[in-house]
Amino acid sequence: MFEQHGVQVYVKRDDLIHEEVSGNKWRKLKYNILRCREAKREGILTFGGAYSNHLVATAAACKELGFRSVGVVRGDELNPKSNETLKRCETYGMELHFVSREEYGMKNERMYHEDLMETFGNMFVVPEGGANYYGIIGCQEVMGEIETEIDAVFIAQGTTTSSCGVLMSLQQHQVLHAVPVLKGFDSKLEMETLFSRSGFDMEYCSELFDQLMVHDNYHFNGYGRYTNELLDFINDTYRKFGLRLDPVYTSKAFYALIDQVKEGNLDGKHILFIHTGGVQGTASIEAKENRSLHE
Ligand SMILES: *Cc1c(COP(=O)(O)O)cnc(C)c1O
């Protein structure tokens with residue numbers, strides 16, 4: 001199929017960066033942690049839902065580097081034993097603070113951060129998903145590690161932090177194909193908001209959008225949702241290429257890439273897929289993989 005369309009597909013294996021701090025989560029934390037050290041804070045306080053990869057990544061990275069970590073978790077009905085994600089956070093020594101959805105809604109308010117510091121000490125506050133200036137800066141380093149000529153780059157979008165960093169670091173002729181995994185998600189608006197909150201010049205950012213193409217029809221019904229077709233695709237990709245994808249992010253982006261190639265929209269291009277990671281919690285998918293291998 002690739003030959004027929006004259007495409008070359010490369011995969012940037014950011015999933016191999018670290019066993020627990022997977023891919024783009026590590027990239028987004030790198031400069032936040034350096035900043036935390038410079039500012040002489042005790043550790044990182046951040047926010048997330050019950051299944052947040054970002055919380056686990058923060059817990060693991062802080063433990064490894066000798067910082068405290070505090071996770072403010074959405075949902076006061078939860079506890080540290082509620083699920084595997086939260087258990088892993090606790091194993092890495094993260095102090096978990098469960099709050100109501102209403103309180104969680106204040107996650108970006110400075111006053112609320114000050115209250116939290118009174119309780120948890122002198123922490124460096126990182127937004128949900130590592131979505132800040134330092135997160136973007138970390139993700140700008142991905143393309144610098146690519147030595148091949150590339151025309152098109154595919155990446156999954158959650159908070160858009162990773163895609164913002166990659167977009168800023170593209171060469172003039174390269175196009176970023178962003179694949180949001182949320183339904184009804186306005187990628188450009190989200191990216192604009194993040195760029196502006198991070199202090200980037202808006203005129204420069206709107207120029208960047210000339211190199212951006214959003215594929216908002218590969219979300220498979222929304223965040224955390226998937227279909228049998230997507231699970232089959234994950235299995236096929238593993239069988240054909242030995243490439244493990246997760247059902248939340250990377251499978252949707254890689255599906256978009258394959259579909260766009262099939263549609264003939266990328267003929268003759270050198271395409272880079274950024275494997276952003278997220279394959280730690282995929283035990284259920286592996287079970288299906290094993291089963292279908294025997295069928
Ligand atoms: C968190 C995550 C993303 C989303 O990245 P953003 O920077 O939030 O857009 C993509 N892929 C994987 C595997 C993730 O864990």
# chains A, B, ... in the order shown; residues from 1 in each chain; ligands from 1

call {"tool": "residues_near_ligand", "arguments": {"ligand": "ligand 1", "cutoff": "7 Å", "atoms": "only C-alpha atoms and all ligand atoms", "output": "PDB file with N, CA, C and O atoms, in the first residue's frame"}}
result
ATOM      1  N   GLY A  23       7.015   8.945  26.526  1.00  0.00           N
ATOM      2  CA  GLY A  23       7.029   9.854  25.393  1.00  0.00           C
ATOM      3  C   GLY A  23       6.853  11.323  25.670  1.00  0.00           C
ATOM      4  O   GLY A  23       7.682  11.972  26.311  1.00  0.00           O
ATOM      5  N   ASN A  24       5.767  11.835  25.170  1.00  0.00           N
ATOM      6  CA  ASN A  24       5.594  13.280  25.220  1.00  0.00           C
ATOM      7  C   ASN A  24       5.378  13.787  26.653  1.00  0.00           C
ATOM      8  O   ASN A  24       5.583  14.957  26.924  1.00  0.00           O
ATOM      9  N   LYS A  25       4.989  12.909  27.563  1.00  0.00           N
ATOM     10  CA  LYS A  25       4.821  13.348  28.951  1.00  0.00           C
ATOM     11  C   LYS A  25       6.187  13.737  29.526  1.00  0.00           C
ATOM     12  O   LYS A  25       6.321  14.706  30.260  1.00  0.00           O
ATOM     13  N   ASN A  53      -2.346   9.961  32.345  1.00  0.00           N
ATOM     14  CA  ASN A  53      -0.951   9.547  32.131  1.00  0.00           C
ATOM     15  C   ASN A  53      -0.001  10.606  32.667  1.00  0.00           C
ATOM     16  O   ASN A  53       1.105  10.298  33.112  1.00  0.00           O
ATOM     17  N   HIS A  54      -0.437  11.835  32.578  1.00  0.00           N
ATOM     18  CA  HIS A  54       0.399  12.952  33.015  1.00  0.00           C
ATOM     19  C   HIS A  54       0.683  12.872  34.518  1.00  0.00           C
ATOM     20  O   HIS A  54       1.804  13.168  34.964  1.00  0.00           O
ATOM     21  N   GLY A 129      -1.997  18.180  32.187  1.00  0.00           N
ATOM     22  CA  GLY A 129      -1.399  17.755  30.926  1.00  0.00           C
ATOM     23  C   GLY A 129      -0.057  18.387  30.599  1.00  0.00           C
ATOM     24  O   GLY A 129       0.466  18.211  29.498  1.00  0.00           O
ATOM     25  N   ALA A 131       0.494  21.440  30.101  1.00  0.00           N
ATOM     26  CA  ALA A 131       0.221  22.395  29.026  1.00  0.00           C
ATOM     27  C   ALA A 131       0.647  23.804  29.389  1.00  0.00           C
ATOM     28  O   ALA A 131      -0.177  24.646  29.768  1.00  0.00           O
ATOM     29  N   ALA A 156      -0.884  12.850  17.526  1.00  0.00           N
ATOM     30  CA  ALA A 156      -2.156  12.888  18.248  1.00  0.00           C
ATOM     31  C   ALA A 156      -2.209  14.136  19.121  1.00  0.00           C
ATOM     32  O   ALA A 156      -1.185  14.607  19.608  1.00  0.00           O
ATOM     33  N   GLN A 157      -3.429  14.642  19.309  1.00  0.00           N
ATOM     34  CA  GLN A 157      -3.615  15.839  20.138  1.00  0.00           C
ATOM     35  C   GLN A 157      -4.538  15.586  21.321  1.00  0.00           C
ATOM     36  O   GLN A 157      -5.637  15.071  21.156  1.00  0.00           O
ATOM     37  N   GLY A 158      -4.072  16.002  22.496  1.00  0.00           N
ATOM     38  CA  GLY A 158      -4.933  16.048  23.671  1.00  0.00           C
ATOM     39  C   GLY A 158      -5.054  17.509  24.072  1.00  0.00           C
ATOM     40  O   GLY A 158      -5.940  18.233  23.628  1.00  0.00           O
ATOM     41  N   THR A 159      -4.110  17.962  24.890  1.00  0.00           N
ATOM     42  CA  THR A 159      -4.089  19.387  25.245  1.00  0.00           C
ATOM     43  C   THR A 159      -3.536  20.254  24.118  1.00  0.00           C
ATOM     44  O   THR A 159      -3.621  21.472  24.198  1.00  0.00           O
ATOM     45  N   THR A 160      -2.935  19.649  23.123  1.00  0.00           N
ATOM     46  CA  THR A 160      -2.246  20.268  21.966  1.00  0.00           C
ATOM     47  C   THR A 160      -0.822  20.755  22.281  1.00  0.00           C
ATOM     48  O   THR A 160      -0.137  21.279  21.392  1.00  0.00           O
ATOM     49  N   THR A 161      -0.356  20.550  23.485  1.00  0.00           N
ATOM     50  CA  THR A 161       0.984  21.033  23.841  1.00  0.00           C
ATOM     51  C   THR A 161       2.070  20.445  22.929  1.00  0.00           C
ATOM     52  O   THR A 161       2.932  21.168  22.418  1.00  0.00           O
ATOM     53  N   SER A 162       2.005  19.135  22.737  1.00  0.00           N
ATOM     54  CA  SER A 162       3.028  18.469  21.920  1.00  0.00           C
ATOM     55  C   SER A 162       2.991  18.989  20.491  1.00  0.00           C
ATOM     56  O   SER A 162       4.032  19.321  19.910  1.00  0.00           O
ATOM     57  N   SER A 163       1.779  19.095  19.939  1.00  0.00           N
ATOM     58  CA  SER A 163       1.666  19.558  18.554  1.00  0.00           C
ATOM     59  C   SER A 163       2.108  21.014  18.419  1.00  0.00           C
ATOM     60  O   SER A 163       2.693  21.392  17.406  1.00  0.00           O
ATOM     61  N   ASP A 246      -1.601   2.645  21.503  1.00  0.00           N
ATOM     62  CA  ASP A 246      -2.587   2.669  22.594  1.00  0.00           C
ATOM     63  C   ASP A 246      -3.952   3.086  22.032  1.00  0.00           C
ATOM     64  O   ASP A 246      -4.025   3.732  20.989  1.00  0.00           O
ATOM     65  N   TYR A 249      -4.729   7.487  22.199  1.00  0.00           N
ATOM     66  CA  TYR A 249      -4.079   8.525  21.396  1.00  0.00           C
ATOM     67  C   TYR A 249      -3.450   8.019  20.091  1.00  0.00           C
ATOM     68  O   TYR A 249      -3.876   8.379  18.996  1.00  0.00           O
ATOM     69  N   THR A 250      -2.389   7.214  20.250  1.00  0.00           N
ATOM     70  CA  THR A 250      -1.551   6.927  19.072  1.00  0.00           C
ATOM     71  C   THR A 250      -2.273   6.132  17.997  1.00  0.00           C
ATOM     72  O   THR A 250      -2.009   6.325  16.809  1.00  0.00           O
ATOM     73  N   THR A 276       3.861   9.098  20.396  1.00  0.00           N
ATOM     74  CA  THR A 276       3.965   9.899  21.621  1.00  0.00           C
ATOM     75  C   THR A 276       3.985   9.058  22.894  1.00  0.00           C
ATOM     76  O   THR A 276       4.131   9.588  23.988  1.00  0.00           O
ATOM     77  N   GLY A 277       3.808   7.738  22.760  1.00  0.00           N
ATOM     78  CA  GLY A 277       3.896   6.855  23.944  1.00  0.00           C
ATOM     79  C   GLY A 277       2.536   6.357  24.380  1.00  0.00           C
ATOM     80  O   GLY A 277       1.685   6.061  23.543  1.00  0.00           O
ATOM     81  N   GLY A 278       2.359   6.245  25.693  1.00  0.00           N
ATOM     82  CA  GLY A 278       1.048   5.861  26.218  1.00  0.00           C
ATOM     83  C   GLY A 278       0.738   4.385  26.179  1.00  0.00           C
ATOM     84  O   GLY A 278      -0.410   3.996  26.351  1.00  0.00           O
ATOM     85  N   VAL A 279       1.749   3.552  25.942  1.00  0.00           N
ATOM     86  CA  VAL A 279       1.473   2.118  25.809  1.00  0.00           C
ATOM     87  C   VAL A 279       1.726   1.318  27.092  1.00  0.00           C
ATOM     88  O   VAL A 279       1.769   0.097  27.064  1.00  0.00           O
TER      89      VAL A 279
END

call {"tool": "select_by_dssp", "arguments": {"residues": "stretch 126-172 of chain A", "states": "helix (DSSP H, G or I)", "output": "PyMOL selection string"}}
result
chain A and resi 128-130+133-139+143-145+161-168

call {"tool": "closest_residue", "arguments": {"among": "A:Val9, A:Asn122, A:Thr85, A:Glu19", "to": "A:Arg41", "atoms": "only C-alpha atoms"}}
result
A:Asn122

call {"tool": "select_by_dssp", "arguments": {"residues": "stretch 176-214 of chain A", "states": "strand (DSSP E or B)", "output": "list in words"}}
result
Leu176, His177, Ala178, Val179, Pro180, Leu212, Met213 and Val214 of chain A

call {"tool": "residues_around", "arguments": {"residues": "A:Ile258", "least_positions_apart": "2", "cutoff": "12 Å", "atoms": "only C-alpha atoms", "output": "list of chain:residue names"}}
result
A:Met1, A:Phe2, A:His5, A:Val7, A:Gln8, A:Val9, A:Phe154, A:Tyr218, A:Phe233, A:Thr237, A:Ser251, A:Lys252, A:Ala253, A:Phe254, A:Tyr255, A:Ala256, A:Gln260, A:Val261, A:Lys262, A:Glu263, A:Gly264, A:Asn265, A:Leu266, A:Asp267, A:Ile271, A:Leu272, A:Phe273

call {"tool": "closest_residue", "arguments": {"among": "A:Cys164, A:Val56, A:Ile274, A:Cys36", "to": "A:Cys205", "atoms": "only C-alpha atoms"}}
result
A:Cys164

call {"tool": "atom_distance", "arguments": {"atom1": "atom CA of A:Gly199", "atom2": "atom CA of A:Lys30"}}
result
18.8 Å

call {"tool": "residues_around", "arguments": {"residues": "A:Phe124", "least_positions_apart": "4", "cutoff": "12 Å", "atoms": "only C-alpha atoms", "output": "NGL selection string"}}
result
:A and (29 or 31-47 or 58 or 62 or 67-71 or 113-114 or 116-117 or 120 or 130)

call {"tool": "write_last_selection", "arguments": {"atoms": "C-alpha atoms", "output": "short mmCIF file (atom, residue, chain, number, x, y, z; two decimals), in the first residue's frame"}}
result
data_model
loop_
_atom_site.label_atom_id
_atom_site.label_comp_id
_atom_site.auth_asym_id
_atom_site.auth_seq_id
_atom_site.Cartn_x
_atom_site.Cartn_y
_atom_site.Cartn_z
CA LEU A 29 7.93 17.70 32.07
CA TYR A 31 11.77 21.98 31.39
CA ASN A 32 9.09 22.19 34.07
CA ILE A 33 11.30 20.11 36.34
CA LEU A 34 14.40 22.12 35.46
CA ARG A 35 12.47 25.28 36.25
CA CYS A 36 11.25 23.76 39.52
CA ARG A 37 14.86 23.08 40.48
CA GLU A 38 16.04 26.58 39.50
CA ALA A 39 13.20 28.16 41.45
CA LYS A 40 14.22 26.03 44.44
CA ARG A 41 10.78 24.51 44.89
CA GLU A 42 10.25 21.26 46.77
CA GLY A 43 8.46 19.57 43.94
CA ILE A 44 5.69 19.69 41.38
CA LEU A 45 1.99 20.11 42.02
CA THR A 46 -0.19 19.30 39.06
CA PHE A 47 -3.72 18.32 38.04
CA THR A 58 4.91 13.44 36.99
CA CYS A 62 9.74 13.47 40.48
CA PHE A 67 11.36 15.94 44.11
CA ARG A 68 8.03 15.74 45.90
CA SER A 69 4.94 15.44 43.76
CA VAL A 70 1.36 16.39 44.51
CA GLY A 71 -1.53 15.38 42.28
CA HIS A 113 -2.77 27.70 43.64
CA GLU A 114 -1.90 29.87 46.62
CA LEU A 116 -2.88 24.69 47.63
CA MET A 117 0.62 25.90 48.51
CA PHE A 120 1.27 21.39 50.37
CA GLY A 130 1.81 19.78 31.27
#

call {"tool": "closest_residue", "arguments": {"among": "A:Thr193, A:Ser169, A:Asn83, A:Thr119", "to": "A:Glu95", "atoms": "only C-alpha atoms"}}
result
A:Thr119

call {"tool": "atom_distance", "arguments": {"atom1": "atom CA of A:Ile137", "atom2": "atom CA of A:Phe185"}}
result
23.2 Å

call {"tool": "closest_residue", "arguments": {"among": "A:Asn132, A:Gln211, A:Ser187, A:Ser198", "to": "A:Gln171", "atoms": "only C-alpha atoms"}}
result
A:Gln211

call {"tool": "closest_residue", "arguments": {"among": "A:Gly49, A:Ile17, A:His275, A:Arg88", "to": "A:Ile155", "atoms": "only C-alpha atoms"}}
result
A:His275
